[in-house]
Amino acid sequence: MGRRSGVLTQKLPWRIVAEWITEGEACIRSVEKIYAAGATRFQEYLIGELAGIGKSLVLDGKVQSSLFDEHWYHEALVHPVMLAHTCPKEVLIIGGGEGATAREVLKHKCVERVTMVDIDAELIELAKKYLPEWHQGAFDSEKLELVFADGRKFLSETDRKFDVVILDLVDPMEGGPAALLYTLEFYKLVANVLKSGGVIVTQASSPILTPRVYATIRNTIASVFKITRPYITYVRSYNGIWGFVAASDTVDPARLSSEEVDELIKNRINGSLRFYDGATHQWMFTLPKPIRNMLESYKDIATDSNPVYVPV
């Protein structure tokens, strides 16, 4: 998952990651151990132990996930839309380099094939080697097809259709690999690869830290799909409340009751979940008043000619 570059600074004996949140605010964590660090063709990376959140993946200075709470993010991203669908057999993931999103999708008994499209093959190899706690063997599943390509190019060229599309992307940073994966034109491409009754979900930045970005993503998706549902979770690794947007022309995950979610988990998911259940589902889709008011206050729509970017 993802999210201006922070800075890995070395002043012996200290190493720190300074992750900028706004132009005047940063979260600083000491790096207690480094497993791997460098740069792929597309982004800088650090895999290491960070104070407070443990083993973590950092891309372009942004913490993407940590062992402390990656399940809060990945289970929240995947399961509401997967369970809202009647029986998702074909699932497309764009992004998801750690392999944890694929891990959660593969828990669903209905799933026959998962296509994971990621632009960064080098990062996937790093994840296979250094992040086994995340993917837990998902990369070895016979149901998983890995495609190393630009997600937007894949959507524009494929003739395949999917029941669920999961957008596990880095944040829209100016000049970044996902800069044009949050626009009206992009979401129209997503809609075009959905089967009838299909549903999508995207990570959407923070409604507290980057409210204009979150609202703009919601507004842009709502201009393409008939049903659009913003929802949230808490992720300490991301410094607070994190947002998602689910959308469909027919499927509404917000209508699932707590009891329905628990029954669906029991019947349709192999293994156990650490974060998500019926009560958690209700909490995620019950937005507090300040966030509801914020969403009403922004009317922006992102386009290729006028995209939305996180501020730093």
# chains A, B, ... in the order shown; residues from 1 in each chain; ligands from 1

$ closest_atom_pairs --of "range 13-62 of chain A" --to "range 225-242 of chain A" --cutoff "12 Å" --atoms "only C-alpha atoms" --output "Markdown table"
| residue | atom | partner | partner_atom | distance |
| --- | --- | --- | --- | --- |
| A:Glu19 | CA | A:Tyr238 | CA | 9.7 |
| A:Trp20 | CA | A:Asn239 | CA | 10.8 |
| A:Ile21 | CA | A:Asn239 | CA | 8.6 |
| A:Thr22 | CA | A:Asn239 | CA | 11.8 |
| A:Glu25 | CA | A:Asn239 | CA | 11.3 |
| A:Ala26 | CA | A:Asn239 | CA | 9.8 |
| A:Cys27 | CA | A:Asn239 | CA | 7.8 |
| A:Ile28 | CA | A:Asn239 | CA | 10.9 |
| A:Arg29 | CA | A:Ser237 | CA | 10.5 |
| A:Leu50 | CA | A:Ser237 | CA | 10.0 |
| A:Ala51 | CA | A:Ser237 | CA | 10.6 |
| A:Gly52 | CA | A:Ser237 | CA | 8.7 |
| A:Ile53 | CA | A:Ser237 | CA | 6.6 |
| A:Gly54 | CA | A:Ser237 | CA | 9.7 |
| A:Lys55 | CA | A:Ser237 | CA | 10.9 |
| A:Ser56 | CA | A:Ser237 | CA | 9.0 |
| A:Leu57 | CA | A:Ser237 | CA | 10.5 |
| A:Val58 | CA | A:Ser237 | CA | 10.6 |
| A:Lys62 | CA | A:Tyr238 | CA | 8.6 |

$ write_last_selection --atoms "C-alpha atoms" --output "PDB file, in the first residue's frame"
ATOM      1  CA  GLU A  19       8.031  10.706   7.110  1.00  0.00           C
ATOM      2  CA  TRP A  20       6.470  13.993   6.079  1.00  0.00           C
ATOM      3  CA  ILE A  21       2.732  14.207   6.698  1.00  0.00           C
ATOM      4  CA  THR A  22       2.155  17.864   5.833  1.00  0.00           C
ATOM      5  CA  GLU A  25       4.618  18.045  10.216  1.00  0.00           C
ATOM      6  CA  ALA A  26       6.553  14.793  10.201  1.00  0.00           C
ATOM      7  CA  CYS A  27       6.622  11.445  11.989  1.00  0.00           C
ATOM      8  CA  ILE A  28      10.145  10.393  12.983  1.00  0.00           C
ATOM      9  CA  ARG A  29      11.014   6.775  13.754  1.00  0.00           C
ATOM     10  CA  LEU A  50      11.223   0.664  12.950  1.00  0.00           C
ATOM     11  CA  ALA A  51      10.659   1.869  16.498  1.00  0.00           C
ATOM     12  CA  GLY A  52       7.097   1.357  17.673  1.00  0.00           C
ATOM     13  CA  ILE A  53       5.818  -0.593  14.668  1.00  0.00           C
ATOM     14  CA  GLY A  54       8.417  -3.293  14.067  1.00  0.00           C
ATOM     15  CA  LYS A  55       9.328  -4.813  10.731  1.00  0.00           C
ATOM     16  CA  SER A  56       8.164  -2.469   7.989  1.00  0.00           C
ATOM     17  CA  LEU A  57       8.247  -1.723   4.286  1.00  0.00           C
ATOM     18  CA  VAL A  58       9.055   1.908   3.428  1.00  0.00           C
ATOM     19  CA  LYS A  62       6.422   6.440   3.261  1.00  0.00           C
TER      20      LYS A  62
END

$ select_by_dssp --residues "range 41-234 of chain A" --states "alpha helix (DSSP H)" --output "VMD selection string"
chain A and resid 70 to 84 100 to 105 121 to 130 132 to 135 151 to 157 184 to 192 211 to 222

$ closest_atom_pairs --of "range 34-153 of chain A" --to "range 280-300 of chain A" --cutoff "12 Å" --atoms "only C-alpha atoms" --output "tab-separated table"
residue	atom	partner	partner_atom	distance
A:Trp72	CA	A:Thr280	CA	10.3
A:Tyr73	CA	A:Met284	CA	11.5
A:Glu75	CA	A:His281	CA	10.5
A:Ala76	CA	A:Met284	CA	8.3
A:Leu77	CA	A:Met284	CA	10.8
A:Val78	CA	A:His281	CA	11.7
A:His79	CA	A:His281	CA	9.3
A:Pro80	CA	A:His281	CA	7.3
A:Val81	CA	A:His281	CA	10.9
A:Leu83	CA	A:His281	CA	10.9
A:Ala84	CA	A:His281	CA	11.3

$ atom_distance --atom1 "CA of Glu112 in chain A" --atom2 "CA of Leu273 in chain A"
20.3 Å

$ closest_atom_pairs --of "range 231-280 of chain A" --to "range 148-170 of chain A" --cutoff "10 Å" --atoms "only C-alpha atoms" --output "tab-separated table"
residue	atom	partner	partner_atom	distance
A:Phe244	CA	A:Leu167	CA	9.9
A:Val245	CA	A:Leu167	CA	9.9
A:Ala246	CA	A:Ile166	CA	9.2
A:Ala247	CA	A:Val165	CA	10.0
A:Ser248	CA	A:Val164	CA	9.6

$ write_last_selection --atoms "N, CA, C and O atoms" --output "CSV table (one decimal), in the first residue's frame"
chain,number,residue,atom,x,y,z
A,244,PHE,N,-10.8,4.4,2.7
A,244,PHE,CA,-11.0,3.5,1.5
A,244,PHE,C,-12.3,4.0,0.8
A,244,PHE,O,-13.2,4.7,1.4
A,245,VAL,N,-12.5,3.6,-0.4
A,245,VAL,CA,-13.7,3.9,-1.2
A,245,VAL,C,-14.1,2.6,-1.9
A,245,VAL,O,-13.3,2.1,-2.7
A,246,ALA,N,-15.3,2.1,-1.7
A,246,ALA,CA,-15.8,1.0,-2.4
A,246,ALA,C,-16.9,1.5,-3.4
A,246,ALA,O,-17.6,2.5,-3.1
A,247,ALA,N,-17.1,0.8,-4.5
A,247,ALA,CA,-18.0,1.3,-5.5
A,247,ALA,C,-18.5,0.2,-6.4
A,247,ALA,O,-17.8,-0.8,-6.6
A,248,SER,N,-19.7,0.4,-6.9
A,248,SER,CA,-20.3,-0.6,-7.8
A,248,SER,C,-21.6,0.0,-8.4
A,248,SER,O,-22.1,1.1,-7.9

$ decode --residues "range 211-226 of chain A" --atoms "all heavy atoms" --output "short mmCIF file (atom, residue, chain, number, x, y, z; two decimals), in the first residue's frame"
data_model
loop_
_atom_site.label_atom_id
_atom_site.label_comp_id
_atom_site.auth_asym_id
_atom_site.auth_seq_id
_atom_site.Cartn_x
_atom_site.Cartn_y
_atom_site.Cartn_z
N PRO A 211 -7.57 15.49 3.78
CA PRO A 211 -9.01 15.42 3.52
C PRO A 211 -9.41 15.75 2.09
O PRO A 211 -10.33 15.12 1.55
CB PRO A 211 -9.60 16.43 4.52
CG PRO A 211 -8.46 17.35 4.87
CD PRO A 211 -7.25 16.48 4.82
N ARG A 212 -8.75 16.72 1.46
CA ARG A 212 -9.12 17.07 0.09
C ARG A 212 -8.84 15.90 -0.85
O ARG A 212 -9.62 15.61 -1.76
CB ARG A 212 -8.36 18.31 -0.39
CG ARG A 212 -8.68 18.69 -1.84
CD ARG A 212 -7.93 19.93 -2.31
NE ARG A 212 -8.10 20.11 -3.75
CZ ARG A 212 -7.30 19.59 -4.68
NH1 ARG A 212 -6.25 18.87 -4.28
NH2 ARG A 212 -7.51 19.78 -5.95
N VAL A 213 -7.73 15.20 -0.63
CA VAL A 213 -7.40 14.05 -1.47
C VAL A 213 -8.46 12.96 -1.31
O VAL A 213 -8.97 12.41 -2.29
CB VAL A 213 -6.00 13.50 -1.11
CG1 VAL A 213 -5.70 12.24 -1.91
CG2 VAL A 213 -4.94 14.56 -1.36
N TYR A 214 -8.80 12.66 -0.08
CA TYR A 214 -9.79 11.61 0.19
C TYR A 214 -11.14 11.95 -0.44
O TYR A 214 -11.74 11.11 -1.13
CB TYR A 214 -9.95 11.43 1.70
CG TYR A 214 -10.89 10.32 2.10
CD1 TYR A 214 -10.60 9.00 1.81
CD2 TYR A 214 -12.08 10.60 2.77
CE1 TYR A 214 -11.46 7.96 2.18
CE2 TYR A 214 -12.95 9.58 3.14
CZ TYR A 214 -12.63 8.26 2.85
OH TYR A 214 -13.49 7.25 3.21
N ALA A 215 -11.59 13.17 -0.23
CA ALA A 215 -12.88 13.58 -0.78
C ALA A 215 -12.86 13.59 -2.31
O ALA A 215 -13.84 13.20 -2.95
CB ALA A 215 -13.26 14.96 -0.26
N THR A 216 -11.74 14.02 -2.88
CA THR A 216 -11.65 14.06 -4.34
C THR A 216 -11.70 12.66 -4.94
O THR A 216 -12.36 12.43 -5.96
CB THR A 216 -10.37 14.79 -4.78
OG1 THR A 216 -10.40 16.13 -4.29
CG2 THR A 216 -10.24 14.82 -6.30
N ILE A 217 -11.03 11.71 -4.30
CA ILE A 217 -11.10 10.32 -4.77
C ILE A 217 -12.54 9.82 -4.68
O ILE A 217 -13.05 9.21 -5.63
CB ILE A 217 -10.14 9.44 -3.96
CG1 ILE A 217 -8.69 9.83 -4.23
CG2 ILE A 217 -10.37 7.96 -4.28
CD1 ILE A 217 -7.68 9.17 -3.32
N ARG A 218 -13.20 10.09 -3.57
CA ARG A 218 -14.61 9.67 -3.44
C ARG A 218 -15.46 10.31 -4.52
O ARG A 218 -16.27 9.63 -5.18
CB ARG A 218 -15.13 10.06 -2.05
CG ARG A 218 -16.49 9.46 -1.65
CD ARG A 218 -17.69 10.12 -2.30
NE ARG A 218 -17.75 11.56 -2.10
CZ ARG A 218 -18.48 12.16 -1.17
NH1 ARG A 218 -19.23 11.46 -0.36
NH2 ARG A 218 -18.48 13.48 -1.08
N ASN A 219 -15.31 11.61 -4.73
CA ASN A 219 -16.12 12.32 -5.73
C ASN A 219 -15.86 11.80 -7.14
O ASN A 219 -16.79 11.66 -7.94
CB ASN A 219 -15.80 13.82 -5.70
CG ASN A 219 -16.19 14.48 -4.40
OD1 ASN A 219 -16.96 13.93 -3.62
ND2 ASN A 219 -15.65 15.65 -4.15
N THR A 220 -14.61 11.51 -7.44
CA THR A 220 -14.25 11.04 -8.78
C THR A 220 -14.86 9.67 -9.05
O THR A 220 -15.44 9.42 -10.12
CB THR A 220 -12.72 10.99 -8.94
OG1 THR A 220 -12.17 12.28 -8.60
CG2 THR A 220 -12.33 10.65 -10.36
N ILE A 221 -14.77 8.79 -8.09
CA ILE A 221 -15.37 7.46 -8.24
C ILE A 221 -16.88 7.55 -8.34
O ILE A 221 -17.51 6.85 -9.14
CB ILE A 221 -14.94 6.56 -7.06
CG1 ILE A 221 -13.45 6.26 -7.15
CG2 ILE A 221 -15.75 5.27 -7.03
CD1 ILE A 221 -12.90 5.48 -5.98
N ALA A 222 -17.48 8.46 -7.57
CA ALA A 222 -18.94 8.62 -7.59
C ALA A 222 -19.44 9.13 -8.93
O ALA A 222 -20.63 8.96 -9.25
CB ALA A 222 -19.37 9.56 -6.47
N SER A 223 -18.58 9.74 -9.71
CA SER A 223 -18.99 10.22 -11.03
C SER A 223 -19.00 9.09 -12.06
O SER A 223 -19.47 9.29 -13.18
CB SER A 223 -18.07 11.35 -11.51
OG SER A 223 -16.77 10.86 -11.77
N VAL A 224 -18.51 7.90 -11.67
CA VAL A 224 -18.45 6.74 -12.58
C VAL A 224 -19.43 5.65 -12.16
O VAL A 224 -20.06 5.03 -13.01
CB VAL A 224 -17.01 6.17 -12.63
CG1 VAL A 224 -16.95 4.91 -13.50
CG2 VAL A 224 -16.04 7.23 -13.15
N PHE A 225 -19.59 5.45 -10.86
CA PHE A 225 -20.41 4.34 -10.35
C PHE A 225 -21.67 4.85 -9.65
O PHE A 225 -21.68 5.94 -9.07
CB PHE A 225 -19.60 3.49 -9.38
CG PHE A 225 -18.45 2.77 -10.01
CD1 PHE A 225 -17.18 3.34 -10.02
CD2 PHE A 225 -18.62 1.53 -10.60
CE1 PHE A 225 -16.10 2.69 -10.61
CE2 PHE A 225 -17.55 0.87 -11.20
CZ PHE A 225 -16.30 1.45 -11.20
N LYS A 226 -22.71 4.05 -9.69
CA LYS A 226 -23.99 4.44 -9.08
C LYS A 226 -23.94 4.38 -7.55
O LYS A 226 -24.63 5.14 -6.87
CB LYS A 226 -25.10 3.52 -9.60
CG LYS A 226 -25.38 3.67 -11.09
CD LYS A 226 -26.43 2.68 -11.56
CE LYS A 226 -26.67 2.80 -13.06
NZ LYS A 226 -27.66 1.80 -13.55
#
